[in-house]
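Okay, coords.cif now, which holds mmCIF, N, CA and C atoms:
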```cif
data_target
#
loop_
_atom_site.label_atom_id
_atom_site.label_comp_id
_atom_site.auth_asym_id
_atom_site.auth_seq_id
_atom_site.Cartn_x
_atom_site.Cartn_y
_atom_site.Cartn_z
N MET A 3 0.84 -1.17 0.00
CA MET A 3 0.00 0.00 0.00
C MET A 3 0.89 1.25 0.00
N ARG A 4 0.60 2.15 -0.90
CA ARG A 4 1.39 3.37 -1.04
C ARG A 4 1.07 4.37 0.06
N VAL A 5 2.08 5.12 0.46
CA VAL A 5 1.86 6.16 1.46
C VAL A 5 1.25 7.38 0.82
N SER A 6 0.47 8.13 1.59
CA SER A 6 -0.13 9.37 1.10
C SER A 6 0.94 10.46 1.07
N PHE A 7 0.60 11.60 0.48
CA PHE A 7 1.53 12.72 0.44
C PHE A 7 1.91 13.15 1.86
N THR A 8 0.91 13.28 2.74
CA THR A 8 1.18 13.69 4.12
C THR A 8 2.08 12.67 4.81
N GLU A 9 1.79 11.39 4.64
CA GLU A 9 2.62 10.35 5.24
C GLU A 9 4.05 10.41 4.71
N SER A 10 4.19 10.76 3.43
CA SER A 10 5.54 10.85 2.85
C SER A 10 6.33 11.98 3.49
N ILE A 11 5.68 13.07 3.83
CA ILE A 11 6.35 14.19 4.50
C ILE A 11 6.84 13.74 5.88
N TYR A 12 6.00 13.01 6.59
CA TYR A 12 6.38 12.50 7.90
C TYR A 12 7.52 11.49 7.78
N LEU A 13 7.44 10.59 6.80
CA LEU A 13 8.51 9.60 6.60
C LEU A 13 9.85 10.27 6.35
N THR A 14 9.86 11.27 5.49
CA THR A 14 11.13 11.93 5.18
C THR A 14 11.67 12.68 6.40
N GLU A 15 10.79 13.26 7.18
CA GLU A 15 11.25 13.97 8.38
C GLU A 15 11.78 12.98 9.42
N ILE A 16 11.13 11.83 9.54
CA ILE A 16 11.61 10.80 10.47
C ILE A 16 12.98 10.29 10.02
N TYR A 17 13.17 10.15 8.72
CA TYR A 17 14.47 9.75 8.18
C TYR A 17 15.54 10.76 8.61
N ARG A 18 15.22 12.05 8.45
CA ARG A 18 16.16 13.10 8.83
C ARG A 18 16.45 13.08 10.33
N LEU A 19 15.41 12.86 11.13
CA LEU A 19 15.59 12.78 12.58
C LEU A 19 16.50 11.61 12.95
N ASN A 20 16.34 10.49 12.24
CA ASN A 20 17.22 9.34 12.48
C ASN A 20 18.66 9.67 12.10
N GLU A 21 18.85 10.45 11.04
CA GLU A 21 20.21 10.85 10.64
C GLU A 21 20.91 11.63 11.75
N THR A 22 20.14 12.43 12.47
CA THR A 22 20.72 13.27 13.52
C THR A 22 20.65 12.64 14.90
N GLY A 23 20.05 11.44 14.99
CA GLY A 23 19.97 10.75 16.27
C GLY A 23 18.86 11.23 17.19
N GLN A 24 17.94 12.01 16.66
CA GLN A 24 16.82 12.54 17.46
C GLN A 24 15.92 11.40 17.92
N LYS A 25 15.54 11.40 19.17
CA LYS A 25 14.72 10.33 19.74
C LYS A 25 13.27 10.75 20.00
N ARG A 26 13.04 12.01 20.29
CA ARG A 26 11.70 12.49 20.67
C ARG A 26 10.87 12.80 19.42
N ILE A 27 10.47 11.75 18.73
CA ILE A 27 9.81 11.88 17.43
C ILE A 27 8.50 12.66 17.52
N ILE A 28 7.62 12.27 18.43
CA ILE A 28 6.30 12.90 18.49
C ILE A 28 6.40 14.39 18.78
N LYS A 29 7.14 14.76 19.80
CA LYS A 29 7.28 16.18 20.15
C LYS A 29 7.95 16.96 19.02
N THR A 30 9.01 16.40 18.46
CA THR A 30 9.73 17.08 17.40
C THR A 30 8.85 17.30 16.17
N LEU A 31 8.12 16.27 15.77
CA LEU A 31 7.23 16.41 14.60
C LEU A 31 6.08 17.36 14.89
N SER A 32 5.55 17.29 16.10
CA SER A 32 4.47 18.19 16.50
C SER A 32 4.93 19.65 16.41
N ASP A 33 6.13 19.93 16.92
CA ASP A 33 6.67 21.28 16.85
C ASP A 33 6.96 21.71 15.41
N LYS A 34 7.56 20.82 14.64
CA LYS A 34 7.94 21.15 13.26
C LYS A 34 6.73 21.47 12.39
N PHE A 35 5.69 20.61 12.50
CA PHE A 35 4.52 20.77 11.63
C PHE A 35 3.42 21.62 12.26
N LYS A 36 3.69 22.10 13.50
CA LYS A 36 2.73 22.95 14.21
C LYS A 36 1.34 22.29 14.30
N VAL A 37 1.38 21.03 14.75
CA VAL A 37 0.15 20.26 14.96
C VAL A 37 0.19 19.68 16.37
N ARG A 38 -0.97 19.21 16.83
CA ARG A 38 -1.04 18.59 18.15
C ARG A 38 -0.34 17.23 18.13
N PRO A 39 0.22 16.81 19.24
CA PRO A 39 0.83 15.48 19.31
C PRO A 39 -0.12 14.36 18.87
N ALA A 40 -1.42 14.52 19.16
CA ALA A 40 -2.40 13.50 18.75
C ALA A 40 -2.45 13.35 17.23
N THR A 41 -2.26 14.45 16.52
CA THR A 41 -2.24 14.41 15.05
C THR A 41 -1.03 13.61 14.57
N VAL A 42 0.11 13.85 15.18
CA VAL A 42 1.32 13.11 14.84
C VAL A 42 1.11 11.62 15.11
N GLU A 43 0.52 11.31 16.26
CA GLU A 43 0.27 9.91 16.61
C GLU A 43 -0.64 9.23 15.61
N THR A 44 -1.62 9.95 15.08
CA THR A 44 -2.52 9.39 14.07
C THR A 44 -1.76 9.03 12.80
N ILE A 45 -0.88 9.93 12.35
CA ILE A 45 -0.08 9.66 11.15
C ILE A 45 0.87 8.49 11.40
N LEU A 46 1.51 8.47 12.56
CA LEU A 46 2.43 7.37 12.88
C LEU A 46 1.69 6.04 12.93
N LYS A 47 0.48 6.05 13.46
CA LYS A 47 -0.32 4.82 13.50
C LYS A 47 -0.59 4.31 12.08
N ARG A 48 -0.91 5.23 11.16
CA ARG A 48 -1.14 4.81 9.76
C ARG A 48 0.14 4.24 9.15
N LEU A 49 1.28 4.84 9.48
CA LEU A 49 2.55 4.33 8.96
C LEU A 49 2.86 2.94 9.55
N ILE A 50 2.50 2.73 10.79
CA ILE A 50 2.68 1.42 11.42
C ILE A 50 1.78 0.39 10.72
N GLU A 51 0.53 0.77 10.47
CA GLU A 51 -0.42 -0.13 9.80
C GLU A 51 0.04 -0.50 8.39
N LYS A 52 0.76 0.40 7.74
CA LYS A 52 1.27 0.14 6.39
C LYS A 52 2.61 -0.57 6.40
N GLY A 53 3.10 -0.90 7.59
CA GLY A 53 4.36 -1.63 7.70
C GLY A 53 5.60 -0.77 7.53
N MET A 54 5.45 0.55 7.67
CA MET A 54 6.58 1.46 7.48
C MET A 54 7.36 1.71 8.77
N MET A 55 6.70 1.49 9.92
CA MET A 55 7.32 1.79 11.21
C MET A 55 6.92 0.75 12.24
N LEU A 56 7.71 0.70 13.30
CA LEU A 56 7.40 -0.08 14.49
C LEU A 56 7.40 0.85 15.68
N LYS A 57 6.49 0.60 16.61
CA LYS A 57 6.50 1.37 17.85
C LYS A 57 7.30 0.58 18.88
N LEU A 58 8.30 1.23 19.43
CA LEU A 58 9.13 0.62 20.47
C LEU A 58 8.64 1.11 21.83
N SER A 59 9.33 0.77 22.86
CA SER A 59 8.93 1.20 24.20
C SER A 59 9.12 2.70 24.41
N ARG A 60 8.40 3.24 25.37
CA ARG A 60 8.52 4.63 25.79
C ARG A 60 8.36 5.65 24.66
N GLY A 61 7.41 5.41 23.78
CA GLY A 61 7.12 6.36 22.72
C GLY A 61 8.18 6.48 21.64
N ARG A 62 9.06 5.50 21.56
CA ARG A 62 10.08 5.52 20.53
C ARG A 62 9.58 4.75 19.32
N PHE A 63 10.04 5.17 18.14
CA PHE A 63 9.61 4.56 16.89
C PHE A 63 10.83 4.21 16.05
N HIS A 64 10.65 3.24 15.18
CA HIS A 64 11.74 2.77 14.33
C HIS A 64 11.20 2.50 12.93
N LEU A 65 11.91 2.98 11.92
CA LEU A 65 11.51 2.67 10.54
C LEU A 65 11.81 1.20 10.26
N THR A 66 10.87 0.52 9.64
CA THR A 66 11.11 -0.85 9.19
C THR A 66 11.95 -0.80 7.92
N ASP A 67 12.38 -1.95 7.42
CA ASP A 67 13.11 -1.97 6.15
C ASP A 67 12.26 -1.35 5.04
N LYS A 68 10.98 -1.69 5.04
CA LYS A 68 10.05 -1.13 4.04
C LYS A 68 9.97 0.40 4.17
N GLY A 69 9.85 0.88 5.40
CA GLY A 69 9.77 2.31 5.65
C GLY A 69 11.06 3.03 5.31
N LEU A 70 12.18 2.41 5.66
CA LEU A 70 13.49 2.99 5.35
C LEU A 70 13.70 3.07 3.85
N ASN A 71 13.28 2.04 3.13
CA ASN A 71 13.41 2.03 1.68
C ASN A 71 12.57 3.14 1.05
N GLU A 72 11.32 3.27 1.50
CA GLU A 72 10.44 4.32 0.96
C GLU A 72 10.97 5.71 1.31
N ALA A 73 11.39 5.90 2.55
CA ALA A 73 11.93 7.19 2.98
C ALA A 73 13.21 7.53 2.21
N SER A 74 14.07 6.53 2.00
CA SER A 74 15.33 6.77 1.27
C SER A 74 15.06 7.20 -0.16
N LYS A 75 14.07 6.59 -0.80
CA LYS A 75 13.70 7.00 -2.18
C LYS A 75 13.23 8.45 -2.19
N LEU A 76 12.36 8.78 -1.25
CA LEU A 76 11.85 10.15 -1.18
C LEU A 76 12.96 11.15 -0.89
N ILE A 77 13.85 10.81 0.02
CA ILE A 77 14.98 11.69 0.36
C ILE A 77 15.91 11.86 -0.84
N ALA A 78 16.19 10.77 -1.55
CA ALA A 78 17.05 10.87 -2.74
C ALA A 78 16.44 11.81 -3.77
N LYS A 79 15.16 11.64 -4.03
CA LYS A 79 14.48 12.52 -4.99
C LYS A 79 14.51 13.98 -4.51
N HIS A 80 14.24 14.17 -3.23
CA HIS A 80 14.24 15.51 -2.64
C HIS A 80 15.60 16.18 -2.81
N ARG A 81 16.65 15.45 -2.51
CA ARG A 81 18.00 16.04 -2.56
C ARG A 81 18.46 16.27 -4.00
N ILE A 82 18.04 15.42 -4.92
CA ILE A 82 18.34 15.65 -6.34
C ILE A 82 17.61 16.90 -6.81
N LEU A 83 16.35 17.02 -6.42
CA LEU A 83 15.59 18.23 -6.77
C LEU A 83 16.23 19.48 -6.20
N GLU A 84 16.71 19.41 -4.96
CA GLU A 84 17.40 20.56 -4.37
C GLU A 84 18.61 20.96 -5.22
N CYS A 85 19.37 19.98 -5.67
CA CYS A 85 20.53 20.27 -6.53
C CYS A 85 20.09 21.00 -7.79
N MET A 86 19.03 20.51 -8.41
CA MET A 86 18.52 21.13 -9.63
C MET A 86 18.04 22.55 -9.36
N LEU A 87 17.28 22.73 -8.31
CA LEU A 87 16.69 24.03 -8.03
C LEU A 87 17.73 25.07 -7.61
N VAL A 88 18.74 24.65 -6.89
CA VAL A 88 19.79 25.57 -6.45
C VAL A 88 20.82 25.80 -7.55
N ASN A 89 21.35 24.72 -8.11
CA ASN A 89 22.47 24.83 -9.05
C ASN A 89 22.08 25.25 -10.45
N ILE A 90 20.89 24.89 -10.89
CA ILE A 90 20.47 25.22 -12.26
C ILE A 90 19.54 26.44 -12.27
N LEU A 91 18.56 26.45 -11.37
CA LEU A 91 17.59 27.54 -11.37
C LEU A 91 17.98 28.71 -10.47
N GLY A 92 18.97 28.50 -9.59
CA GLY A 92 19.46 29.58 -8.74
C GLY A 92 18.55 29.95 -7.58
N LEU A 93 17.67 29.03 -7.17
CA LEU A 93 16.82 29.31 -6.02
C LEU A 93 17.64 29.31 -4.74
N PRO A 94 17.25 30.14 -3.77
CA PRO A 94 17.91 30.08 -2.46
C PRO A 94 17.64 28.70 -1.84
N LEU A 95 18.55 28.24 -1.02
CA LEU A 95 18.47 26.89 -0.46
C LEU A 95 17.15 26.63 0.28
N GLU A 96 16.72 27.55 1.12
CA GLU A 96 15.48 27.35 1.88
C GLU A 96 14.28 27.20 0.96
N LYS A 97 14.20 28.03 -0.08
CA LYS A 97 13.10 27.94 -1.06
C LYS A 97 13.19 26.63 -1.83
N ALA A 98 14.40 26.23 -2.21
CA ALA A 98 14.60 24.98 -2.94
C ALA A 98 14.14 23.79 -2.11
N CYS A 99 14.44 23.80 -0.83
CA CYS A 99 14.03 22.71 0.07
C CYS A 99 12.51 22.63 0.15
N CYS A 100 11.87 23.77 0.29
CA CYS A 100 10.42 23.83 0.37
C CYS A 100 9.78 23.31 -0.92
N GLU A 101 10.29 23.74 -2.06
CA GLU A 101 9.76 23.30 -3.35
C GLU A 101 10.02 21.81 -3.58
N ALA A 102 11.21 21.35 -3.22
CA ALA A 102 11.54 19.93 -3.39
C ALA A 102 10.61 19.06 -2.56
N SER A 103 10.22 19.53 -1.39
CA SER A 103 9.28 18.78 -0.54
C SER A 103 7.94 18.59 -1.22
N LYS A 104 7.52 19.57 -1.99
CA LYS A 104 6.24 19.50 -2.69
C LYS A 104 6.29 18.57 -3.90
N ILE A 105 7.46 18.48 -4.54
CA ILE A 105 7.60 17.77 -5.81
C ILE A 105 8.06 16.33 -5.67
N ALA A 106 8.91 16.04 -4.70
CA ALA A 106 9.57 14.73 -4.61
C ALA A 106 8.58 13.56 -4.62
N TYR A 107 7.47 13.69 -3.93
CA TYR A 107 6.47 12.62 -3.85
C TYR A 107 5.95 12.23 -5.24
N HIS A 108 5.86 13.20 -6.13
CA HIS A 108 5.27 12.98 -7.45
C HIS A 108 6.30 12.63 -8.53
N LEU A 109 7.57 12.79 -8.23
CA LEU A 109 8.64 12.58 -9.21
C LEU A 109 8.91 11.09 -9.40
N SER A 110 8.94 10.65 -10.64
CA SER A 110 9.23 9.24 -10.91
C SER A 110 10.71 8.95 -10.66
N THR A 111 10.99 7.70 -10.37
CA THR A 111 12.38 7.29 -10.17
C THR A 111 13.19 7.51 -11.44
N GLU A 112 12.60 7.18 -12.58
CA GLU A 112 13.30 7.35 -13.86
C GLU A 112 13.70 8.81 -14.08
N THR A 113 12.79 9.73 -13.82
CA THR A 113 13.08 11.15 -14.00
C THR A 113 14.14 11.61 -13.01
N ALA A 114 14.04 11.16 -11.76
CA ALA A 114 15.04 11.52 -10.75
C ALA A 114 16.43 11.07 -11.17
N LEU A 115 16.54 9.85 -11.69
CA LEU A 115 17.84 9.33 -12.13
C LEU A 115 18.38 10.12 -13.33
N LYS A 116 17.50 10.53 -14.24
CA LYS A 116 17.94 11.34 -15.38
C LYS A 116 18.40 12.73 -14.92
N MET A 117 17.69 13.30 -13.96
CA MET A 117 18.09 14.59 -13.40
C MET A 117 19.46 14.46 -12.73
N HIS A 118 19.64 13.39 -11.99
CA HIS A 118 20.91 13.14 -11.30
C HIS A 118 22.05 13.07 -12.31
N ASP A 119 21.84 12.36 -13.39
CA ASP A 119 22.85 12.24 -14.44
C ASP A 119 23.12 13.61 -15.07
N PHE A 120 22.06 14.36 -15.38
CA PHE A 120 22.18 15.68 -15.97
C PHE A 120 22.99 16.62 -15.08
N LEU A 121 22.84 16.48 -13.77
CA LEU A 121 23.53 17.33 -12.81
C LEU A 121 24.99 16.93 -12.59
N GLY A 122 25.44 15.86 -13.25
CA GLY A 122 26.83 15.42 -13.10
C GLY A 122 27.03 14.44 -11.96
N ASN A 123 25.96 13.74 -11.58
CA ASN A 123 26.01 12.70 -10.56
C ASN A 123 26.51 13.20 -9.20
N PRO A 124 25.85 14.22 -8.64
CA PRO A 124 26.27 14.71 -7.33
C PRO A 124 26.07 13.64 -6.26
N THR A 125 26.92 13.66 -5.25
CA THR A 125 26.79 12.71 -4.14
C THR A 125 26.15 13.36 -2.92
N LYS A 126 26.11 14.70 -2.92
CA LYS A 126 25.53 15.44 -1.80
C LYS A 126 24.61 16.53 -2.33
N CYS A 127 23.63 16.88 -1.52
CA CYS A 127 22.73 17.97 -1.86
C CYS A 127 23.39 19.30 -1.47
N PRO A 128 22.81 20.43 -1.82
CA PRO A 128 23.41 21.72 -1.45
C PRO A 128 23.58 21.93 0.06
N CYS A 129 22.83 21.19 0.87
CA CYS A 129 22.97 21.27 2.34
C CYS A 129 24.17 20.47 2.82
N GLY A 130 24.75 19.65 1.93
CA GLY A 130 25.89 18.83 2.31
C GLY A 130 25.52 17.43 2.77
N ARG A 131 24.25 17.07 2.65
CA ARG A 131 23.83 15.73 3.06
C ARG A 131 23.93 14.76 1.89
N ARG A 132 24.26 13.52 2.22
CA ARG A 132 24.44 12.48 1.22
C ARG A 132 23.12 12.17 0.50
N ILE A 133 23.22 11.98 -0.82
CA ILE A 133 22.07 11.55 -1.61
C ILE A 133 22.06 10.02 -1.62
N PRO A 134 21.04 9.37 -1.01
CA PRO A 134 21.02 7.91 -0.98
C PRO A 134 20.57 7.31 -2.32
N LEU A 135 21.40 7.48 -3.31
CA LEU A 135 21.08 7.07 -4.67
C LEU A 135 20.78 5.58 -4.80
N GLU A 136 21.41 4.77 -3.95
CA GLU A 136 21.19 3.32 -4.02
C GLU A 136 19.72 2.96 -3.85
N ALA A 137 18.95 3.79 -3.16
CA ALA A 137 17.53 3.53 -2.97
C ALA A 137 16.75 3.63 -4.28
N LEU A 138 17.23 4.47 -5.18
CA LEU A 138 16.56 4.61 -6.48
C LEU A 138 17.00 3.54 -7.48
N GLU A 139 18.12 2.92 -7.22
CA GLU A 139 18.68 1.96 -8.17
C GLU A 139 18.28 0.53 -7.87
N LYS A 140 17.42 0.33 -6.85
CA LYS A 140 16.96 -1.03 -6.50
C LYS A 140 15.92 -1.51 -7.47
#
```

As structure tokens, please, write out the structure in this file.
Amino acid sequence: MRVSFTESIYLTEIYRLNETGQKRIIKTLSDKFKVRPATVETILKRLIEKGMMLKLSRGRFHLTDKGLNEASKLIAKHRILECMLVNILGLPLEKACCEASKIAYHLSTETALKMHDFLGNPTKCPCGRRIPLEALEK
């Protein structure tokens, strides 16, 4: 079952939180998206039902292999889009990140890989984070 656009935003943010070692997922997501913790819990429950996450003890959550794979694909597309928007179109980084968040969910893997090739096969996005290209090549 495919994740919704909203779920994809949460998945990518959880991926980023895992990159930085953040543990307080519900509070952090609630603050970031300016929603009540109950709203975050509802989205996380849907991700658990879709096999994307596991709930651990004490309100901790973990991406499953399925969730990590989906999040990695979305992150790769997002970071490739950031490269295109910053390096080719000259958008400021913050604007590029915002726009990439809107587009990545809808971008096909084939198009993302062609964009990556066109950009000279970057390994990092303009923020300096690694592009998990292997997720798109599976």

Residues at most 8 Å from segment 123-129 of chain A, counting all atoms listed in the file, excluding those fewer than 5 positions away in the same chain, as an mmCIF file with N, CA and C atoms, in the frame of the given file?
```
data_model
loop_
_atom_site.group_PDB
_atom_site.id
_atom_site.type_symbol
_atom_site.label_atom_id
_atom_site.label_comp_id
_atom_site.auth_asym_id
_atom_site.auth_seq_id
_atom_site.Cartn_x
_atom_site.Cartn_y
_atom_site.Cartn_z
ATOM 1 N N HIS A 80 14.240 14.170 -3.230
ATOM 2 C CA HIS A 80 14.240 15.510 -2.640
ATOM 3 C C HIS A 80 15.600 16.180 -2.810
ATOM 4 N N ARG A 81 16.650 15.450 -2.510
ATOM 5 C CA ARG A 81 18.000 16.040 -2.560
ATOM 6 C C ARG A 81 18.460 16.270 -4.000
ATOM 7 N N ILE A 82 18.040 15.420 -4.920
ATOM 8 C CA ILE A 82 18.340 15.650 -6.340
ATOM 9 C C ILE A 82 17.610 16.900 -6.810
ATOM 10 N N LEU A 83 16.350 17.020 -6.420
ATOM 11 C CA LEU A 83 15.590 18.230 -6.770
ATOM 12 C C LEU A 83 16.230 19.480 -6.200
ATOM 13 N N GLU A 84 16.710 19.410 -4.960
ATOM 14 C CA GLU A 84 17.400 20.560 -4.370
ATOM 15 C C GLU A 84 18.610 20.960 -5.220
ATOM 16 N N CYS A 85 19.370 19.980 -5.670
ATOM 17 C CA CYS A 85 20.530 20.270 -6.530
ATOM 18 C C CYS A 85 20.090 21.000 -7.790
ATOM 19 N N MET A 86 19.030 20.510 -8.410
ATOM 20 C CA MET A 86 18.520 21.130 -9.630
ATOM 21 C C MET A 86 18.040 22.550 -9.360
ATOM 22 N N VAL A 88 18.740 24.650 -6.890
ATOM 23 C CA VAL A 88 19.790 25.570 -6.450
ATOM 24 C C VAL A 88 20.820 25.800 -7.550
ATOM 25 N N ASN A 89 21.350 24.720 -8.110
ATOM 26 C CA ASN A 89 22.470 24.830 -9.050
ATOM 27 C C ASN A 89 22.080 25.250 -10.450
ATOM 28 N N LEU A 95 18.550 28.240 -1.020
ATOM 29 C CA LEU A 95 18.470 26.890 -0.460
ATOM 30 C C LEU A 95 17.150 26.630 0.280
ATOM 31 N N MET A 117 17.690 13.300 -13.960
ATOM 32 C CA MET A 117 18.090 14.590 -13.400
ATOM 33 C C MET A 117 19.460 14.460 -12.730
ATOM 34 N N HIS A 118 19.640 13.390 -11.990
ATOM 35 C CA HIS A 118 20.910 13.140 -11.300
ATOM 36 C C HIS A 118 22.050 13.070 -12.310
ATOM 37 N N PRO A 134 21.040 9.370 -1.010
ATOM 38 C CA PRO A 134 21.020 7.910 -0.980
ATOM 39 C C PRO A 134 20.570 7.310 -2.320
ATOM 40 N N LEU A 135 21.400 7.480 -3.310
ATOM 41 C CA LEU A 135 21.080 7.070 -4.670
ATOM 42 C C LEU A 135 20.780 5.580 -4.800
#
```

Could you write out, as an MDAnalysis selection string, all the residues of chain A that DSSP marks as alpha helix (DSSP H)? chainID A and resid 7:22 27:35 39:51 67:85 95:105 111:120

In terms of the shortest atom-to-atom distance over only N, CA and C atoms, which of A:Leu31, A:Leu87, A:Ile16, A:Cys99 is closest to Leu65 of chain A?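 Closest to Leu65 of chain A, using only N, CA and C atoms: A:Ile16.
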
Report the residues retrieved by the PyMOL selection byres ((chain A and resi 42-47) around 8) from the displayed file, expressed as a list in words.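 Written out, the selection comes to Thr8, Glu9, Tyr12, Ile27, Ile28, Lys29, Leu31, Ser32, Val37, Arg38, Pro39, Ala40, Thr41, Arg48, Leu49, Ile50, Glu51, Lys52, Gly53 and Met55 of chain A.
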
Kindly give the distance, in Å, that separates atom N of Gly69 of chain A and atom N of Glu96 of chain A, rounded to a single decimal.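 Atom-to-atom, atom N of Gly69 of chain A and atom N of Glu96 of chain A are spaced 27.9 Å apart.
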
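Nearest to Ala106 of chain A of all the residues A:Arg26, A:Lys75, A:Arg131, A:Lys68 is A:Lys75, based on all atoms listed in the file.
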
What gap, in Å, lies between atom N of Ala78 of chain A and atom N of Thr30 of chain A? 22.0 Å

Residue list (strand (DSSP E), DSSP) for segment 50-105 of chain A, as a list of chain:residue names: A:Met55, A:Leu56, A:Lys57, A:Phe63, A:His64, A:Leu65

Length of the atom C of Asp67 of chain A to atom N of Leu121 of chain A vector [Å]: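 Separation between atom C of Asp67 of chain A and atom N of Leu121 of chain A: 28.0 Å.
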
Glu139 of chain A surroundings by only C-alpha atoms, 9 Å radius, close-in-sequence under 3 positions cut, as number ranges by chain: A: 111, 115, 135-136

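The shortest atom-to-atom distance to Lys79 of chain A, with only N, CA and C atoms taken into account, belongs to A:Ser103 out of A:Tyr17, A:Ser103, A:Val5, A:Lys25.
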
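When you apply the PyMOL selection byres (((chain A and resi 107 and name CA) around 9) and name CA) to this structure, what comes back is Ser6, Phe7, Ser10, Ile11, Leu76, Lys79, His80, Ala102, Ser103, Lys104, Ile105, Ala106, His108, Leu109 and Ser110 of chain A.
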